[in-house]
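K.L.:
What follows is a structure written as structure tokens; I'll ask about it next.
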Amino acid sequence: MSQLSAWDHPEPLALDTAPLPAYGTGSLSDLLPTLASGMGVPGMTAAIPELAPADRVCVFLVDGLGWEQIASHPDEAPFLTSLLGSSRGGTGRPLTAGYPATTAASLASVGTGLPPGAHGLPGYTVRDPATGALMNQLRWQPYTDPRSWQPYPTVFQLAHEAGVHTAQVSSPAFEHTPLTKIALSGGTFHGRLTGEERMDLAAEQLAAGDRSLVYTYYAELDGAGHRYGVASDTWRGQLMYVDRLVQRLAEQLPPRSALYVTADHGMVDIPFDERHRIDFDEDWELRAGVALLGGEGRARHVYAVPGAENDVLTCWREVLGEQFWVASRDEAIAAGWFGPRVDARVYPRIGDVVAAAHDNVLIVASEREPKESAMVGNHGSMTPAEQLVPLLEVRS
């Protein structure tokens, strides 16, 4: 029998080539602790040294507004583009989202000031150790007790207890969601439907205290990207609207204020063909020994049948190793993908195998995840288009 060539057994991507999030120095989980530290909130650390303190701070998080997407669209976003040099305290550099670069994980990182390995939302869907079933951490389905799932206080709660006027201004639909409760609660929630109403009220809330911490949010840019892609006219139209919203808020800042515009992740468009979209539901090799498929197309958690963990890892590395960083749970944790530590309660939520996309490719599941598999724009992994997010600054 002839020996297999190197072509038949391509060398998998080395795990140390994955561009790790800048936990502790410049990731989303470092943002609110730095801002709250500047307001004198006890226990907070100024992990992003470039940010000067301000008495009144507003964080405007635009879902899906990646750094590379702003830089690539100066005509659609002239105001945002004019602020690129202000990012991260005038360094002109972005932050990193954290892994995975997905909304549930990132919002929890922002609100708690903790990386995913600590706050415990390490993916879009992860296995609930108590039930053995997949739990969608964005939609919180099936329901589990929020405080048991994420027990740490939010930075908003700590700031409120320290006498800072604290408020969230967002869609009324988010007021009572479990994700808001465990990630963004503290002070008062103000629901407003339109973007303009949110900007106006955010400015009012900033002025309502001598020390104020205000959070506001806009989701529709991300929705346009998922449905139509970041190359679409619809997405560009949403970016133009976001640009106007940011300028509207910036022009209303009360004295002694700082506005920070950031995001939870960027986005990449993935072509609809077999080369770019690998269908788990139609691939017997990838399915072998797998009990549950979690995460999302570019950031997968793979839960093996007991005893099959090593076989699943070997198979996924052989099939996908040139296109994905494929790690065992312990390898991903040791490499720091989920932060400098992983709490014991979080450990079993992480897949036995973790696969993060390097190339412009997805692992879809057309039968199990029909809606997610139909998305044009996607995110989750550690590539710059997904990981890098702005921290644009306007001061009054």
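Residue numbers start at 1 in each chain; chains themselves are named A, B, ... in the order of the structure tokens; ligands are numbered from 1 in the order shown.
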For Gly191 of chain A, list every protein, DNA or RNA residue within 6 Å, evaluated using only C-alpha atoms, and leave out those in the same chain fewer than 4 positions away; present the list as a ChimeraX atom specification.

P.N.:
/A:169-172

K.L.:
Find the residues around Thr131 of chain A up to 12 Å (only C-alpha atoms counted), leave out those fewer than 4 positions away in its own chain, and share them as a list of chain:residue names.

P.N.:
A:Val126, A:Arg127, A:Met135, A:Pro142, A:Tyr143, A:Thr144, A:Pro348, A:Arg349

K.L.:
So which one's closest to Arg368 of chain A, A:Asp264, A:Glu282, A:Glu161, A:Glu393? Using only C-alpha atoms, please.

P.N.:
A:Glu282

K.L.:
Output as CSV one row per residue of segment 195-252 of chain A within 12 Å of segment 97-121 of chain A: the closest atom pair and its distance in Å to one decimal place, counting only C-alpha atoms, sorted by chain and residue number ascending.

P.N.:
residue,atom,partner,partner_atom,distance
A:Leu213,CA,A:Gly111,CA,11.8
A:Val214,CA,A:Gly111,CA,11.6
A:Tyr215,CA,A:Gly111,CA,9.6
A:Thr216,CA,A:Leu107,CA,11.8
A:Tyr217,CA,A:Leu107,CA,10.4
A:Ala219,CA,A:Thr103,CA,10.0
A:Asp222,CA,A:Thr103,CA,9.7
A:Gly223,CA,A:Thr103,CA,11.6

K.L.:
Which residues come within 7 Å of Trp67 of chain A, counting only C-alpha atoms, excluding same-chain residues fewer than 6 positions away, as a list in words?

P.N.:
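Returned residues: Pro94, Gly266, Leu388, Val389 and Pro390 of chain A.
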
K.L.:
Output all heavy atoms for every residue in the selection just made, as a PDB file, in the first residue's frame.

P.N.:
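Contents of out.pdb, as written:
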ATOM      1  N   PRO A  94      -8.437  49.926  17.381  1.00  0.00           N
ATOM      2  CA  PRO A  94      -9.689  49.310  17.834  1.00  0.00           C
ATOM      3  C   PRO A  94      -9.519  48.534  19.126  1.00  0.00           C
ATOM      4  O   PRO A  94      -8.404  48.333  19.619  1.00  0.00           O
ATOM      5  CB  PRO A  94     -10.036  48.365  16.681  1.00  0.00           C
ATOM      6  CG  PRO A  94      -8.688  47.935  16.156  1.00  0.00           C
ATOM      7  CD  PRO A  94      -7.780  49.138  16.311  1.00  0.00           C
ATOM      8  N   GLY A 266     -17.791  42.422  14.386  1.00  0.00           N
ATOM      9  CA  GLY A 266     -17.922  42.790  12.984  1.00  0.00           C
ATOM     10  C   GLY A 266     -18.690  41.706  12.242  1.00  0.00           C
ATOM     11  O   GLY A 266     -19.455  40.945  12.842  1.00  0.00           O
ATOM     12  N   LEU A 388     -12.353  42.913  15.549  1.00  0.00           N
ATOM     13  CA  LEU A 388     -11.999  44.303  15.809  1.00  0.00           C
ATOM     14  C   LEU A 388     -13.238  45.183  15.836  1.00  0.00           C
ATOM     15  O   LEU A 388     -14.036  45.182  14.896  1.00  0.00           O
ATOM     16  CB  LEU A 388     -11.013  44.803  14.758  1.00  0.00           C
ATOM     17  CG  LEU A 388      -9.693  44.039  14.664  1.00  0.00           C
ATOM     18  CD1 LEU A 388      -8.775  44.702  13.653  1.00  0.00           C
ATOM     19  CD2 LEU A 388      -9.008  43.913  16.025  1.00  0.00           C
ATOM     20  N   VAL A 389     -13.388  45.924  16.924  1.00  0.00           N
ATOM     21  CA  VAL A 389     -14.533  46.823  17.077  1.00  0.00           C
ATOM     22  C   VAL A 389     -14.015  48.209  17.450  1.00  0.00           C
ATOM     23  O   VAL A 389     -12.962  48.355  18.078  1.00  0.00           O
ATOM     24  CB  VAL A 389     -15.529  46.319  18.143  1.00  0.00           C
ATOM     25  CG1 VAL A 389     -16.166  45.012  17.695  1.00  0.00           C
ATOM     26  CG2 VAL A 389     -14.853  46.147  19.499  1.00  0.00           C
ATOM     27  N   PRO A 390     -14.746  49.250  17.072  1.00  0.00           N
ATOM     28  CA  PRO A 390     -14.289  50.608  17.351  1.00  0.00           C
ATOM     29  C   PRO A 390     -14.500  51.005  18.806  1.00  0.00           C
ATOM     30  O   PRO A 390     -15.271  50.386  19.533  1.00  0.00           O
ATOM     31  CB  PRO A 390     -15.153  51.454  16.418  1.00  0.00           C
ATOM     32  CG  PRO A 390     -16.437  50.676  16.326  1.00  0.00           C
ATOM     33  CD  PRO A 390     -16.012  49.231  16.324  1.00  0.00           C
TER      34      PRO A 390
END

K.L.:
Could you give me, as an NGL selection string, the residues within 9 Å of Asp359 of chain A, counting only C-alpha atoms and dropping anything in the same chain fewer than 2 positions from it?

P.N.:
:A and (276 or 322-324 or 357 or 361-362 or 383)

K.L.:
Could you write out the selected residues, including N, CA and C atoms, as a tab-separated table (two decimals), in the first residue's frame?

P.N.:
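Listed below is the output, again_13.tsv:
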chain	number	residue	atom	x	y	z
A	276	HIS	N	-17.75	27.09	0.47
A	276	HIS	CA	-17.73	28.04	1.58
A	276	HIS	C	-18.68	27.67	2.71
A	322	GLU	N	-7.32	22.94	7.97
A	322	GLU	CA	-6.71	24.00	7.17
A	322	GLU	C	-7.55	25.27	7.15
A	323	GLN	N	-8.83	25.15	7.47
A	323	GLN	CA	-9.74	26.28	7.37
A	323	GLN	C	-10.20	26.81	8.73
A	324	PHE	N	-10.08	25.99	9.76
A	324	PHE	CA	-10.49	26.35	11.12
A	324	PHE	C	-9.35	26.07	12.08
A	357	ALA	N	-13.34	29.67	12.82
A	357	ALA	CA	-13.03	29.81	11.39
A	357	ALA	C	-11.83	30.72	11.15
A	361	VAL	N	-15.43	30.78	5.51
A	361	VAL	CA	-16.15	29.52	5.46
A	361	VAL	C	-17.06	29.39	6.68
A	362	LEU	N	-18.10	28.58	6.53
A	362	LEU	CA	-19.05	28.31	7.61
A	362	LEU	C	-19.26	26.81	7.76
A	383	THR	N	-11.01	36.36	13.42
A	383	THR	CA	-10.41	37.12	12.33
A	383	THR	C	-10.65	38.62	12.55

K.L.:
Determine, counting only C-alpha atoms, which protein, DNA and RNA residues have an atom within 6 Å of an atom of Ala356 of chain A; residues of the same chain fewer than 6 positions away are not included. Present the result as a PyMOL selection string.

P.N.:
chain A and resi 298-299+324-325+381

K.L.:
Only C-alpha atoms, please: the residues just picked out, written as a CSV table (one decimal), in the first residue's frame.

P.N.:
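Final output, saved to part.csv:
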chain,number,residue,atom,x,y,z
A,298,ARG,CA,-17.9,30.4,12.4
A,299,ALA,CA,-17.5,29.5,16.1
A,324,PHE,CA,-10.5,26.3,11.1
A,325,TRP,CA,-8.5,26.5,14.3
A,381,SER,CA,-14.4,33.8,15.1

K.L.:
May I ask which of the residues A:Gly297, A:Gly132, A:Pro74, A:Gly38 is the closest one to Ile363 of chain A, counting only C-alpha atoms?

P.N.:
A:Gly297

K.L.:
How would you write, as an MDAnalysis selection string, the set of residues in segment 105-247 of chain A that DSSP gives as alpha helix (DSSP H)?

P.N.:
chainID A and resid 105:112 116:119 146:149 155:161 178:183 195:207 220:228 233:247

K.L.:
Which is closest to Ala374 of chain A among A:Gly289, A:Pro271, A:Pro306, A:Gly351, if we use only C-alpha atoms?

P.N.:
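Counting only C-alpha atoms, the residue closest to Ala374 of chain A is A:Pro271.
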
K.L.:
Restricting the calculation to only C-alpha atoms, which member of A:Gly186, A:Ile350, A:Pro53, A:Trp337 is positioned closest to Met382 of chain A?

P.N.:
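Smallest distance to Met382 of chain A is found for A:Trp337.
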
K.L.:
Skip Ala365 of chain A itself and residues of its chain fewer than 3 positions away, then list as number ranges by chain all residues within 12 Å of it, counting only C-alpha atoms.

P.N.:
A: 277-283, 286-287, 292-298, 300, 362, 368-375
